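Listing of input.txt; format and content: compact mmCIF, C-alpha atoms and all ligand atoms.
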# COMPACT_ATOMS: atom_id res chain seq x y z
CA MET A 1 37.99 340.23 343.63
CA THR A 2 38.39 341.30 347.24
CA ASN A 3 37.53 338.96 350.11
CA GLU A 4 34.63 341.25 350.89
CA GLU A 5 33.18 340.91 347.42
CA HIS A 6 33.61 337.15 347.53
CA ALA A 7 31.89 336.98 350.93
CA ARG A 8 28.99 339.04 349.58
CA ILE A 9 28.58 336.71 346.61
CA VAL A 10 28.67 333.62 348.83
CA GLU A 11 26.03 335.19 351.05
CA ARG A 12 23.72 336.00 348.14
CA ILE A 13 24.14 332.56 346.60
CA ARG A 14 23.38 330.94 349.95
CA GLU A 15 20.12 332.90 350.15
CA HIS A 16 19.11 332.20 346.56
CA PRO A 17 16.18 329.73 346.37
CA PHE A 18 18.11 327.42 344.05
CA PHE A 19 21.04 327.05 346.44
CA ARG A 20 19.24 327.36 349.77
CA GLY A 21 20.08 324.47 352.10
CA PHE A 22 23.16 323.38 350.15
CA ASP A 23 26.29 322.26 351.95
CA GLU A 24 28.13 325.45 353.04
CA GLU A 25 31.46 324.14 351.87
CA PHE A 26 29.97 323.45 348.44
CA VAL A 27 28.57 326.96 348.11
CA GLU A 28 31.92 328.41 349.14
CA SER A 29 33.67 326.28 346.57
CA ALA A 30 31.09 326.92 343.80
CA CYS A 31 31.54 330.66 344.25
CA ALA A 32 35.26 330.64 343.51
CA ASP A 33 35.75 332.87 340.45
CA ALA A 34 32.09 333.95 340.58
CA VAL A 35 31.37 337.55 339.69
CA GLU A 36 28.43 339.87 340.00
CA ARG A 37 27.26 340.92 336.55
CA ARG A 38 24.76 343.64 335.75
CA PHE A 39 22.97 343.91 332.44
CA TRP A 40 21.08 346.87 331.07
CA ALA A 41 17.69 346.39 329.49
CA GLU A 42 18.22 345.01 325.96
CA GLU A 43 21.75 343.85 326.76
CA VAL A 44 22.53 340.33 325.59
CA LEU A 45 23.77 337.89 328.25
CA PHE A 46 24.85 335.36 325.66
CA ARG A 47 24.08 334.17 322.17
CA GLU A 48 23.18 330.76 320.85
CA GLY A 49 26.27 328.81 319.83
CA SER A 50 28.69 330.83 321.95
CA PRO A 51 30.77 329.07 324.63
CA SER A 52 28.77 328.51 327.79
CA LYS A 53 31.12 329.67 330.51
CA ASN A 54 28.71 330.53 333.32
CA LEU A 55 25.71 329.49 335.29
CA PHE A 56 23.72 332.71 335.71
CA VAL A 57 21.94 333.07 339.02
CA ILE A 58 19.34 335.82 338.77
CA LEU A 59 18.98 338.17 341.70
CA GLU A 60 16.98 341.01 340.16
CA GLY A 61 15.36 341.84 336.85
CA LYS A 62 14.08 339.74 334.01
CA VAL A 63 15.74 337.82 331.20
CA GLY A 64 14.10 336.63 327.99
CA LEU A 65 15.23 333.36 326.45
CA GLU A 66 15.01 333.66 322.70
CA VAL A 67 15.20 331.44 319.70
CA GLY A 68 15.65 332.72 316.22
CA SER A 69 16.89 331.93 312.79
CA SER A 70 18.05 333.89 309.81
CA ASP A 71 14.61 333.78 308.17
CA ARG A 72 12.47 334.96 311.06
CA PRO A 73 12.63 337.42 313.94
CA GLU A 74 13.67 336.30 317.39
CA LEU A 75 10.90 334.78 319.44
CA THR A 76 10.96 334.99 323.22
CA VAL A 77 9.83 331.59 324.48
CA GLN A 78 10.34 332.10 328.19
CA THR A 79 11.25 334.73 330.72
CA VAL A 80 13.14 334.01 333.91
CA GLY A 81 13.47 336.20 336.94
CA PRO A 82 14.70 336.46 340.53
CA GLY A 83 14.99 333.10 342.27
CA GLU A 84 15.76 331.31 339.03
CA VAL A 85 18.91 330.22 337.23
CA ILE A 86 19.71 330.19 333.55
CA GLY A 87 21.40 327.52 331.60
CA TRP A 88 22.62 323.99 331.72
CA SER A 89 24.68 324.16 328.53
CA TRP A 90 27.76 324.74 330.72
CA LEU A 91 27.26 321.36 332.39
CA VAL A 92 27.55 319.00 329.43
CA PRO A 93 29.65 319.08 326.26
CA PRO A 94 29.92 320.83 323.88
CA HIS A 95 29.43 323.63 326.46
CA ARG A 96 27.74 325.98 324.03
CA TRP A 97 24.54 327.93 324.60
CA ARG A 98 21.44 326.55 322.92
CA PHE A 99 19.50 329.83 322.85
CA ASP A 100 19.95 333.59 323.19
CA ALA A 101 19.39 335.38 326.49
CA ARG A 102 18.61 339.08 326.66
CA ALA A 103 17.84 341.28 329.63
CA LEU A 104 14.32 342.74 329.38
CA LYS A 105 14.97 345.17 332.21
CA PRO A 106 18.01 346.07 334.29
CA THR A 107 19.15 342.73 335.65
CA LEU A 108 21.54 341.71 338.37
CA THR A 109 23.08 338.23 338.22
CA ILE A 110 25.86 336.27 339.77
CA ALA A 111 27.80 334.45 337.09
CA LEU A 112 29.27 331.26 338.52
CA ASP A 113 32.32 330.06 336.66
CA ALA A 114 31.40 326.91 334.73
CA GLU A 115 34.81 325.31 334.73
CA ASN A 116 35.16 325.73 338.47
CA LEU A 117 31.63 324.46 339.00
CA ARG A 118 32.21 321.33 336.91
CA HIS A 119 35.44 320.68 338.74
CA THR A 120 33.76 321.20 342.14
CA LEU A 121 30.91 318.86 341.27
CA SER A 122 33.13 316.07 339.99
CA ARG A 123 35.52 316.38 342.93
CA ARG A 124 32.86 315.44 345.46
CA PRO A 125 30.24 313.08 343.94
CA GLU A 126 27.79 313.71 346.80
CA TRP A 127 27.78 317.40 345.83
CA GLY A 128 27.34 316.41 342.21
CA TYR A 129 24.38 314.25 343.18
CA GLN A 130 22.83 316.95 345.37
CA PHE A 131 23.27 319.47 342.59
CA MET A 132 21.68 317.21 339.98
CA ILE A 133 18.73 316.49 342.29
CA ARG A 134 18.27 320.25 342.57
CA PHE A 135 18.78 320.88 338.87
CA LEU A 136 16.55 318.12 337.55
CA PRO A 137 13.28 319.80 338.63
CA VAL A 138 14.39 322.97 336.79
CA LEU A 139 14.95 320.93 333.63
CA ALA A 140 11.74 318.95 334.17
CA GLU A 141 9.75 322.15 334.64
CA ARG A 142 11.16 323.70 331.48
CA LEU A 143 10.37 320.50 329.60
CA GLU A 144 6.85 320.41 331.02
CA ASN A 145 6.31 324.05 330.05
CA THR A 146 7.51 323.33 326.53
CA ARG A 147 5.07 320.43 326.38
CA ILE A 148 2.25 322.72 327.51
CA GLN A 149 3.34 325.31 324.94
CA LEU A 150 3.10 322.62 322.27
CA LEU A 151 -0.42 321.78 323.42
CA ASP A 152 -1.22 325.36 322.50
CA LEU A 153 -3.52 326.19 325.41
CA HIS A 154 -5.22 328.93 323.50
CA ALA A 155 -6.05 326.93 320.39
CA ARG A 156 -9.72 327.18 319.64
CA MET B 1 -28.13 343.77 310.08
CA PRO B 2 -28.38 344.18 306.35
CA ALA B 3 -30.63 347.12 305.47
CA SER B 4 -32.97 344.83 303.51
CA ALA B 5 -33.74 342.44 306.41
CA PRO B 6 -37.10 342.98 308.07
CA ALA B 7 -36.85 344.70 311.44
CA PRO B 8 -37.40 342.09 314.16
CA THR B 9 -40.20 342.66 316.60
CA ASP B 10 -40.44 341.66 320.23
CA SER B 11 -43.05 338.87 320.58
CA GLY B 12 -42.86 338.93 324.38
CA HIS B 13 -42.41 335.14 324.54
CA PRO B 14 -39.80 334.29 327.21
CA LEU B 15 -37.72 332.35 324.68
CA ALA B 16 -38.03 334.95 321.95
CA PRO B 17 -34.93 337.10 321.60
CA ILE B 18 -35.33 340.65 322.79
CA PRO B 19 -34.23 343.22 320.21
CA TYR B 20 -31.08 345.09 321.20
CA ALA B 21 -29.23 347.77 319.27
CA VAL B 22 -25.49 347.91 318.91
CA ARG B 23 -24.32 351.08 320.59
CA SER B 24 -20.61 350.75 319.96
CA THR B 25 -17.98 348.27 318.86
CA ALA B 26 -14.30 347.96 319.62
CA THR B 27 -11.69 345.76 318.04
CA GLU B 28 -9.83 343.93 320.80
CA THR B 29 -7.55 341.67 318.78
CA PRO B 30 -7.41 340.79 315.09
CA ASP B 31 -10.24 338.25 315.54
CA THR B 32 -12.07 339.57 318.59
CA THR B 33 -14.56 342.40 318.92
CA THR B 34 -16.38 343.90 321.87
CA LEU B 35 -20.00 344.94 321.38
CA VAL B 36 -21.85 347.29 323.70
CA ILE B 37 -25.57 346.76 323.16
CA GLU B 38 -28.71 348.33 324.59
CA PRO B 39 -32.38 347.34 324.53
CA ARG B 40 -34.44 348.75 321.69
CA GLY B 41 -37.64 348.73 323.74
CA THR B 42 -38.65 348.41 327.35
CA ARG B 43 -37.80 344.73 327.76
CA ARG B 44 -34.26 343.88 328.67
CA ILE B 45 -32.33 341.13 330.34
CA SER B 46 -30.66 341.67 333.65
CA LEU B 47 -27.70 339.81 335.02
CA SER B 48 -28.56 338.01 338.23
CA ARG B 49 -25.07 336.70 338.77
CA PRO B 50 -21.73 337.48 337.13
CA GLY B 51 -20.52 334.59 335.03
CA GLN B 52 -23.84 334.08 333.30
CA PHE B 53 -24.14 334.09 329.54
CA ALA B 54 -26.69 335.28 327.00
CA MET B 55 -27.72 333.83 323.66
CA LEU B 56 -26.96 336.43 321.02
CA TYR B 57 -28.94 336.09 317.82
CA ALA B 58 -27.58 337.34 314.53
CA PHE B 59 -30.82 337.61 312.57
CA GLY B 60 -30.99 335.21 309.69
CA VAL B 61 -27.78 333.44 310.71
CA GLY B 62 -28.18 331.90 314.15
CA GLU B 63 -27.53 332.09 317.87
CA SER B 64 -24.38 331.78 319.93
CA PRO B 65 -23.84 331.68 323.72
CA ILE B 66 -21.63 334.59 324.76
CA GLY B 67 -20.53 335.39 328.30
CA ILE B 68 -21.67 338.71 329.70
CA SER B 69 -18.61 340.77 330.42
CA ARG B 70 -20.42 343.70 331.97
CA GLU B 71 -23.85 345.15 332.60
CA THR B 72 -23.87 348.92 332.89
CA PRO B 73 -26.22 350.76 335.26
CA GLU B 74 -28.21 351.90 332.17
CA GLY B 75 -28.88 348.27 331.23
CA ARG B 76 -26.32 348.03 328.45
CA LEU B 77 -24.55 344.72 328.00
CA VAL B 78 -20.94 344.25 327.02
CA HIS B 79 -19.97 341.14 325.09
CA THR B 80 -16.58 340.24 323.73
CA ILE B 81 -16.80 337.88 320.80
CA ARG B 82 -14.22 335.91 318.85
CA ARG B 83 -14.91 335.12 315.21
CA VAL B 84 -14.92 331.34 314.99
CA GLY B 85 -17.98 330.50 312.88
CA PRO B 86 -20.78 332.03 310.82
CA VAL B 87 -22.78 333.32 313.81
CA THR B 88 -19.85 334.97 315.57
CA LYS B 89 -18.66 336.27 312.22
CA ALA B 90 -22.05 337.93 311.71
CA LEU B 91 -22.13 339.27 315.27
CA THR B 92 -18.67 340.80 315.05
CA ALA B 93 -19.58 342.41 311.72
CA LEU B 94 -22.42 344.41 313.32
CA THR B 95 -21.99 348.14 313.44
CA PRO B 96 -23.58 350.83 315.67
CA GLY B 97 -27.32 351.03 315.09
CA ASP B 98 -27.65 347.41 313.90
CA THR B 99 -30.07 345.11 315.68
CA LEU B 100 -29.46 341.73 317.23
CA GLY B 101 -31.57 339.47 319.43
CA VAL B 102 -30.72 338.66 323.03
CA ARG B 103 -32.16 336.11 325.40
CA GLY B 104 -31.03 335.09 328.83
CA PRO B 105 -29.26 335.48 331.12
CA TYR B 106 -28.59 331.79 331.56
CA GLY B 107 -26.54 329.58 333.81
CA ARG B 108 -25.21 329.66 337.31
CA GLY B 109 -22.63 332.38 337.68
CA TRP B 110 -19.51 332.60 339.80
CA PRO B 111 -20.07 331.98 343.52
CA PHE B 112 -18.15 335.09 344.48
CA LYS B 113 -20.31 335.90 347.49
CA GLU B 114 -19.43 332.53 349.01
CA ALA B 115 -15.79 333.41 348.42
CA ARG B 116 -15.90 336.41 350.74
CA GLY B 117 -13.26 336.25 353.45
CA GLN B 118 -11.09 334.03 351.29
CA ASP B 119 -7.93 334.58 349.29
CA ILE B 120 -8.84 334.75 345.61
CA VAL B 121 -6.93 333.38 342.66
CA ILE B 122 -8.27 334.33 339.22
CA VAL B 123 -6.73 332.74 336.16
CA ALA B 124 -7.94 333.76 332.71
CA GLY B 125 -6.67 332.43 329.42
CA GLY B 126 -7.32 334.48 326.27
CA LEU B 127 -11.05 335.05 325.94
CA GLY B 128 -11.53 333.69 329.45
CA LEU B 129 -11.05 337.21 330.77
CA PRO B 130 -14.40 338.75 329.67
CA PRO B 131 -16.58 336.35 331.69
CA LEU B 132 -14.33 336.92 334.71
CA ARG B 133 -14.36 340.68 334.46
CA PRO B 134 -17.54 341.05 336.55
CA VAL B 135 -15.91 339.03 339.32
CA ILE B 136 -12.88 341.27 339.25
CA TYR B 137 -15.05 344.39 339.54
CA GLU B 138 -17.11 342.82 342.31
CA ILE B 139 -13.88 342.26 344.21
CA PHE B 140 -12.72 345.82 343.51
CA ALA B 141 -16.06 347.12 344.80
CA HIS B 142 -15.81 345.14 348.05
CA ARG B 143 -12.06 344.78 348.29
CA GLU B 144 -12.04 344.65 352.08
CA ALA B 145 -14.28 341.58 352.03
CA TYR B 146 -11.58 339.42 350.46
CA GLY B 147 -8.09 338.34 351.44
CA ARG B 148 -5.17 338.39 349.01
CA VAL B 149 -6.15 338.68 345.37
CA GLU B 150 -3.98 337.19 342.65
CA ILE B 151 -4.91 337.59 338.99
CA ILE B 152 -3.06 335.73 336.26
CA PHE B 153 -3.92 336.50 332.68
CA GLY B 154 -2.39 334.63 329.77
CA ALA B 155 -2.74 334.67 326.02
CA ARG B 156 -0.97 333.16 323.09
CA THR B 157 0.86 336.31 322.01
CA PRO B 158 0.74 340.00 323.07
CA LYS B 159 -1.67 340.82 320.25
CA ASP B 160 -4.13 338.25 321.65
CA LEU B 161 -4.47 340.08 324.98
CA VAL B 162 -7.99 341.50 325.26
CA TYR B 163 -8.83 344.56 327.42
CA TYR B 164 -5.16 345.45 327.38
CA ASP B 165 -5.53 349.06 328.55
CA GLU B 166 -8.01 348.10 331.24
CA VAL B 167 -5.68 345.38 332.53
CA GLN B 168 -2.85 347.92 332.60
CA SER B 169 -5.03 350.17 334.74
CA TRP B 170 -5.68 347.29 337.17
CA ARG B 171 -1.93 346.86 337.50
CA ARG B 172 -1.71 350.25 339.16
CA ARG B 173 -3.70 348.96 342.12
CA THR B 174 -1.60 348.05 345.09
CA ASP B 175 -4.22 345.87 346.76
CA ILE B 176 -4.12 343.09 344.17
CA ARG B 177 -1.34 341.28 342.32
CA ILE B 178 -1.69 340.80 338.62
CA GLN B 179 0.58 338.84 336.33
CA VAL B 180 0.23 338.93 332.57
CA THR B 181 2.02 336.36 330.46
CA VAL B 182 2.05 335.21 326.86
CA ASP B 183 3.15 331.90 325.38
CA ALA B 184 5.57 333.54 322.97
CA ALA B 185 6.48 337.09 322.00
CA GLY B 186 8.60 339.20 319.75
CA ARG B 187 11.22 341.65 320.92
CA ASP B 188 8.70 344.41 321.44
CA TRP B 189 7.25 342.66 324.50
CA TYR B 190 8.92 343.29 327.84
CA GLY B 191 6.49 341.34 330.00
CA ASP B 192 6.54 337.73 331.10
CA VAL B 193 6.70 334.90 328.59
CA GLY B 194 5.63 331.38 329.51
CA VAL B 195 2.39 329.47 329.78
CA VAL B 196 0.04 330.58 332.59
CA THR B 197 1.09 327.67 334.80
CA THR B 198 4.59 329.18 335.01
CA ARG B 199 3.18 332.20 336.88
CA LEU B 200 1.43 330.17 339.57
CA PRO B 201 4.49 329.57 341.78
CA ASP B 202 4.68 333.35 342.19
CA ALA B 203 1.07 333.63 343.32
CA ARG B 204 0.72 334.08 347.08
CA PHE B 205 -2.34 332.63 348.77
CA ASP B 206 -3.25 330.52 351.76
CA PRO B 207 -4.42 327.22 350.23
CA THR B 208 -6.59 326.44 353.25
CA ARG B 209 -8.71 329.53 352.62
CA THR B 210 -8.57 330.12 348.89
CA THR B 211 -11.21 330.20 346.18
CA ALA B 212 -10.02 330.07 342.58
CA PHE B 213 -11.93 331.23 339.50
CA LEU B 214 -10.68 329.95 336.15
CA CYS B 215 -11.88 330.64 332.66
CA GLY B 216 -10.24 329.79 329.37
CA PRO B 217 -9.57 326.82 327.16
CA GLU B 218 -10.40 323.49 328.84
CA ILE B 219 -6.86 322.18 328.78
CA MET B 220 -5.62 325.35 330.43
CA MET B 221 -8.27 325.11 333.14
CA ARG B 222 -7.41 321.47 333.79
CA LEU B 223 -3.67 322.09 334.09
CA VAL B 224 -4.12 325.20 336.22
CA SER B 225 -6.69 323.47 338.45
CA GLU B 226 -4.33 320.57 338.98
CA ALA B 227 -1.47 322.93 339.81
CA ILE B 228 -3.63 324.91 342.28
CA GLN B 229 -4.88 321.68 343.81
CA ALA B 230 -1.26 320.53 344.17
CA ARG B 231 -0.68 323.69 346.26
CA GLY B 232 -3.30 322.37 348.67
CA VAL B 233 -6.51 324.08 347.52
CA ASP B 234 -9.68 321.98 347.84
CA PRO B 235 -10.90 321.10 344.31
CA HIS B 236 -14.40 322.10 345.45
CA ALA B 237 -13.07 325.64 345.86
CA ILE B 238 -11.66 325.78 342.33
CA TRP B 239 -14.36 327.02 339.94
CA ILE B 240 -14.14 326.65 336.18
CA SER B 241 -16.38 327.96 333.43
CA MET B 242 -17.11 325.53 330.62
CA GLU B 243 -17.93 326.32 327.03
CA ARG B 244 -19.80 324.12 324.60
CA ASN B 245 -22.11 324.48 321.66
CA MET B 246 -25.57 325.41 322.85
CA LYS B 247 -28.92 325.58 321.22
CA CYS B 248 -31.80 326.00 323.64
CA ALA B 249 -29.73 327.17 326.66
CA ILE B 250 -32.53 326.05 329.00
CA GLY B 251 -31.77 322.38 329.50
CA LEU B 252 -34.09 320.96 326.85
CA CYS B 253 -32.16 320.01 323.74
CA GLY B 254 -29.10 318.23 325.13
CA HIS B 255 -26.69 320.03 322.83
CA CYS B 256 -24.47 321.12 325.69
CA GLN B 257 -24.35 317.79 327.47
CA PHE B 258 -21.01 317.10 329.14
CA GLY B 259 -21.12 313.67 330.75
CA PRO B 260 -24.04 313.72 333.19
CA VAL B 261 -24.55 317.50 333.17
CA PHE B 262 -26.06 320.08 330.87
CA LEU B 263 -23.68 323.02 330.83
CA CYS B 264 -26.40 325.58 330.14
CA ARG B 265 -28.61 324.55 333.01
CA ASP B 266 -26.15 323.12 335.57
CA GLY B 267 -23.24 325.44 334.68
CA PRO B 268 -21.44 326.90 332.90
CA VAL B 269 -19.56 327.42 336.17
CA PHE B 270 -18.69 324.24 338.07
CA PRO B 271 -16.37 323.19 340.89
CA PHE B 272 -13.32 321.49 339.37
CA ALA B 273 -13.99 318.55 341.72
CA ASP B 274 -17.23 317.79 339.85
CA LEU B 275 -15.73 317.79 336.37
CA ALA B 276 -12.14 316.65 336.93
CA PRO B 277 -12.71 313.02 335.86
CA LEU B 278 -14.56 314.15 332.71
CA LEU B 279 -11.90 316.68 331.72
CA ARG B 280 -9.41 313.86 331.33
CA VAL B 281 -11.70 311.91 329.00
CA ARG B 282 -11.28 312.70 325.32
CA GLU B 283 -14.29 313.69 323.23
CA VAL B 284 -16.81 313.96 326.09
S1 LIG C 1 -28.24 324.01 325.12
FE1 LIG C 1 -29.99 322.78 325.10
S2 LIG C 1 -29.73 321.60 326.86
FE2 LIG C 1 -28.14 323.03 327.00

Translate the structure described by the file into structure tokens.
Amino acid sequence: MTNEEHARIVERIREHPFFRGFDEEFVESACADAVERRFWAEEVLFREGSPSKNLFVILEGKVGLEVGSSDRPELTVQTVGPGEVIGWSWLVPPHRWRFDARALKPTLTIALDAENLRHTLSRRPEWGYQFMIRFLPVLAERLENTRIQLLDLHAR
Amino acid sequence: MPASAPAPTDSGHPLAPIPYAVRSTATETPDTTTLVIEPRGTRRISLSRPGQFAMLYAFGVGESPIGISRETPEGRLVHTIRRVGPVTKALTALTPGDTLGVRGPYGRGWPFKEARGQDIVIVAGGLGLPPLRPVIYEIFAHREAYGRVEIIFGARTPKDLVYYDEVQSWRRRTDIRIQVTVDAAGRDWYGDVGVVTTRLPDARFDPTRTTAFLCGPEIMMRLVSEAIQARGVDPHAIWISMERNMKCAIGLCGHCQFGPVFLCRDGPVFPFADLAPLLRVREV
């Protein structure tokens, strides 16, 4: 990756709602080994059970998070779009994805390298804390949405 | 109506159903049908305010309160009905030419005139869209009288979305924002997936000058109202439409009592502020 590409990624991550306001040094460090990744509509970002090597930061497009099993078709349970991030499986062992992710339209992401990110976060505990404070609402919101889904809002 | 049933006559009594004929029917979803009906004689009911409902009478079976989704200039009424019991089953089985009874309109409708000059947030869940449709058309007709307009429409799955083609046509408008979401979908759906509350953060409105209109299952209205209130909207400016079993529809029988109010007479549209404490109580 050229310095120019790296600088562009850092800039875009800095502007992304999830990372906005973060320590500049942290963003710089978190973006080491980050790459821009484009997905066509229908292209799979990752599959359940595969190694979780990235935190995907969505810049454009839409991604469906799917669950499935051998005896039934995949079910999309949530879509995520610009301003959002996908995945926490990279953060905690066994570092494997817990669901499938598939682009529903052409999608532009920045894939942050999970190993580098884990290393960065553990190197400076205050960054780790800041990151967790930022990440917890994402997890809480997903949990809350799952709870609402279970309530089955449209049940009659 | 079965061919053997006697043809109902119009007694002229204000509480007697007025005979209407089914003009056309359309299947919206596997369990939901839209009926377009027109008066058989000279008497007809006329909507005084969008958001009102009518009592539809399936002869020999019973009556059910159904929101009025549209009144055409020729006096036809459009009702979208989900099959949930014997009456709605009978109503949705009607075919063009059949007769049904209609009385109403009842209830206070949506206070859309008071909402002029404000940003508007409309959230409909499933069959909550038909009663809100008149509000949407009122806004389209006087678009310049309102600020930003955000419409969020949710259903359980893509096949539960009513008025799908019509909603698609609204999406072509550039002067409103519309988000459609479903709770879960198969791979043939390329739209948003997630409960309606997940679409709210994307809605743009000025909370200090916003009126919200919500219709759908109670739990959805409560959660959405709370989320809109959390954005800073006054709970008196969040309007919800309640549904309950009704019998008389004129405030006499008490069938529709919800805490201290009768939904038929005092509602079915209420400010969230008035009902919020009751919505958290189970089995009111
Ligand atoms: S239905 Fe009789 S009082 Fe409301």

Residues of chain B no more than 9 Å from chain A, counting all atoms listed in the file: send them over as a count of residues only. 28

List as a ChimeraX atom specification the protein and nucleic acid residues near Asp266 of chain B, meaning an atom at most 9 Å away when all atoms listed in the file are counted, but skip any in the same chain fewer than 5 places from it. /B:107-108,251,261

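Minimum atom-to-atom distances from B:Phe270, B:Trp239, B:Tyr20, B:Phe205 to Asp98 of chain B were compared using all atoms listed in the file, and the lowest value belongs to B:Tyr20.
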
Near segment 51-56 of chain A, counting all atoms listed in the file, which residues have an atom at most 10 Å away, once you skip same-chain residues fewer than 3 positions from it, shown as a count of residues only? 34

How would you write, as a ChimeraX atom specification, the set of residues no farther than 10 Å from ligand LIG 1 (chain C) when counting all atoms listed in the file? /B:55,65,106-107,244-258,261-268

Print the selection's residues with C-alpha atoms to a file, as a PDB file, in the frame of the given file.
ATOM      1  CA  MET B  55     -27.720 333.830 323.660  1.00  0.00           C
ATOM      2  CA  PRO B  65     -23.840 331.680 323.720  1.00  0.00           C
ATOM      3  CA  TYR B 106     -28.590 331.790 331.560  1.00  0.00           C
ATOM      4  CA  GLY B 107     -26.540 329.580 333.810  1.00  0.00           C
ATOM      5  CA  ARG B 244     -19.800 324.120 324.600  1.00  0.00           C
ATOM      6  CA  ASN B 245     -22.110 324.480 321.660  1.00  0.00           C
ATOM      7  CA  MET B 246     -25.570 325.410 322.850  1.00  0.00           C
ATOM      8  CA  LYS B 247     -28.920 325.580 321.220  1.00  0.00           C
ATOM      9  CA  CYS B 248     -31.800 326.000 323.640  1.00  0.00           C
ATOM     10  CA  ALA B 249     -29.730 327.170 326.660  1.00  0.00           C
ATOM     11  CA  ILE B 250     -32.530 326.050 329.000  1.00  0.00           C
ATOM     12  CA  GLY B 251     -31.770 322.380 329.500  1.00  0.00           C
ATOM     13  CA  LEU B 252     -34.090 320.960 326.850  1.00  0.00           C
ATOM     14  CA  CYS B 253     -32.160 320.010 323.740  1.00  0.00           C
ATOM     15  CA  GLY B 254     -29.100 318.230 325.130  1.00  0.00           C
ATOM     16  CA  HIS B 255     -26.690 320.030 322.830  1.00  0.00           C
ATOM     17  CA  CYS B 256     -24.470 321.120 325.690  1.00  0.00           C
ATOM     18  CA  GLN B 257     -24.350 317.790 327.470  1.00  0.00           C
ATOM     19  CA  PHE B 258     -21.010 317.100 329.140  1.00  0.00           C
ATOM     20  CA  VAL B 261     -24.550 317.500 333.170  1.00  0.00           C
ATOM     21  CA  PHE B 262     -26.060 320.080 330.870  1.00  0.00           C
ATOM     22  CA  LEU B 263     -23.680 323.020 330.830  1.00  0.00           C
ATOM     23  CA  CYS B 264     -26.400 325.580 330.140  1.00  0.00           C
ATOM     24  CA  ARG B 265     -28.610 324.550 333.010  1.00  0.00           C
ATOM     25  CA  ASP B 266     -26.150 323.120 335.570  1.00  0.00           C
ATOM     26  CA  GLY B 267     -23.240 325.440 334.680  1.00  0.00           C
ATOM     27  CA  PRO B 268     -21.440 326.900 332.900  1.00  0.00           C
TER      28      PRO B 268
END

Any idea what the distance is between atom CA of Thr27 of chain B and atom CA of Pro131 of chain B? 17.3 Å

Between atom CA of Arg204 of chain B and atom CA of Glu150 of chain B, measure the distance and give it in Å to one decimal. 7.2 Å

Which residue, B:Gly259, B:Thr181, B:Ser225, B:Ala21, has the smallest gap to Pro158 of chain B when you use all atoms listed in the file?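 Checking each candidate against Pro158 of chain B, we get B:Thr181 as the closest.
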
Find the residues near Thr33 of chain B: any atom within 6 Å, counting all atoms listed in the file, skip ones fewer than 2 places away on the same chain, and give them as a PyMOL selection string. chain B and resi 26-28+80-81+92

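Going from atom CA of Arg199 of chain B over to atom CA of Tyr137 of chain B, you cover 22.1 Å.
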
Taking (-5.4, 322.3, 347.6) in the file's coordinates as the center, which residues reach within 12 Å of it, counting only C-alpha atoms, put as a list in words?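 Here is the list of nearby residues: Phe205, Asp206, Pro207, Thr208, Arg209, Thr210, Thr211, Ala212, Val224, Ser225, Glu226, Ala227, Ile228, Gln229, Ala230, Arg231, Gly232, Val233, Asp234, Pro235, His236, Ala237, Ile238, Phe272 and Ala273 of chain B.
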